[in-house]
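What follows is one structure encoded as structure tokens, with my remarks underneath.
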Amino acid sequence: MPTPSGHTTAVRAKTVIGTSVKDAQGEKIGVIEDIVLDKTSNAILFAVVGFGGVLGMGEKFHPIPWASLDYNEPDSAYIIHKTKDELKSAPADSIDVLTRDDGNQWRQSAHDYYGAPRNWS
């Protein structure tokens, strides 16, 4: 079934992981490193996007609500409507910390920061 933008609603995790993330101007700012799922609600908690760093050093991992990422088929990339400077103050930590305590703290702060709709009760 297609979404309003014409894309399929079924998305395989292995096709998402490793996909570039660009800002609205088309500049690459990161890569989707992982997707964190909530087994009890059957929902995506957030995508983990790696920004910055060189050879794995200094990279920051950002929990970004799935609803805040728009897929741009011509670019084969997800678009986030934030600038690099805005992302400097976004919630971020290591992947291990992001998923600690079921990832709920980070889900909450990420949805607050990005103004994303909540899909949990």
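Following the order of the structure tokens, chains are lettered A, B, ..., residues in each are numbered from 1, and ligands are numbered from 1.
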**Message:** as JSON, numbers by chain, please: the residues near A:Gly50 (cut-off 7 Å, only C-alpha atoms, same-chain neighbours under 4 positions excluded).
**Reply:** {"A": [30, 31, 32, 33, 59, 60, 61, 62]}
Query - Nearest residue to A:Gln108 from the set A:Lys88, A:Gly18, A:Pro65, A:Ser76 (distances using only C-alpha atoms) - result: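 Counting only C-alpha atoms, the residue closest to A:Gln108 is A:Pro65.
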- In terms of the shortest atom-to-atom distance over only C-alpha atoms, which of A:Val16, A:Arg118, A:Val49, A:Asn42 is closest to A:Lys28?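 Checking each of A:Val16, A:Arg118, A:Val49, A:Asn42 against A:Lys28, counting only C-alpha atoms, the winner is A:Val49.
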**Asked** Which residues come within 12 Å of stretch 91-94 of chain A, counting only C-alpha atoms, excluding same-chain residues fewer than 5 positions away, as a VMD selection string?
**Response** chain A and resid 33 to 34 46 to 52 56 to 65 86 99 to 100 103 105 to 114
A:Gln25 proximity check over A:Ala116, A:Leu69, A:Ile80, A:Leu98, using only C-alpha atoms: winner is A:Ile80
In chain A, what's helix (DSSP H, G or I) per DSSP? Answer as a PyMOL selection string? chain A and resi 13-16+66-68+73-75+84-87+95-98+100-114
Here atom CA of A:Ile79 and atom CA of A:Asn104 stand apart by 24.0 Å
Next on the checklist: Need to verify the contact set: A:Asp38, 9 Å, only C-alpha atoms, exclusion of same-chain residues closer than 5 positions in sequence. Can you return it as a PyMOL selection string?
Outcome noted: chain A and resi 43-45+102-103
task = Give me every strand (DSSP E or B) residue in stretch 55-121 of chain A, going by DSSP on the backbone, as a PyMOL selection string.
result = chain A and resi 57+60-64+70-72+77-79+93
field: A:Asp70 surroundings by only C-alpha atoms, 10 Å radius, close-in-sequence under 4 positions cut, as number ranges by chain
entry: A: 5, 21-22, 66, 77-81
inquiry  = Considering only C-alpha atoms, can you say which of A:Ala10, A:Thr40, A:Ala67, A:Lys84 comes closest to A:Asn119?
reply    =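 For A:Asn119, the nearest of the candidates is A:Ala67.
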**Prompt:** Which distance in Å separates atom CA of A:Lys82 and atom CA of A:Ser20, to one decimal?
**Reply:**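 The value is 14.6 Å.
Computed from the coordinates, the atom CA of A:Asn72 to atom CA of A:Ala90 distance equals 22.4 Å.
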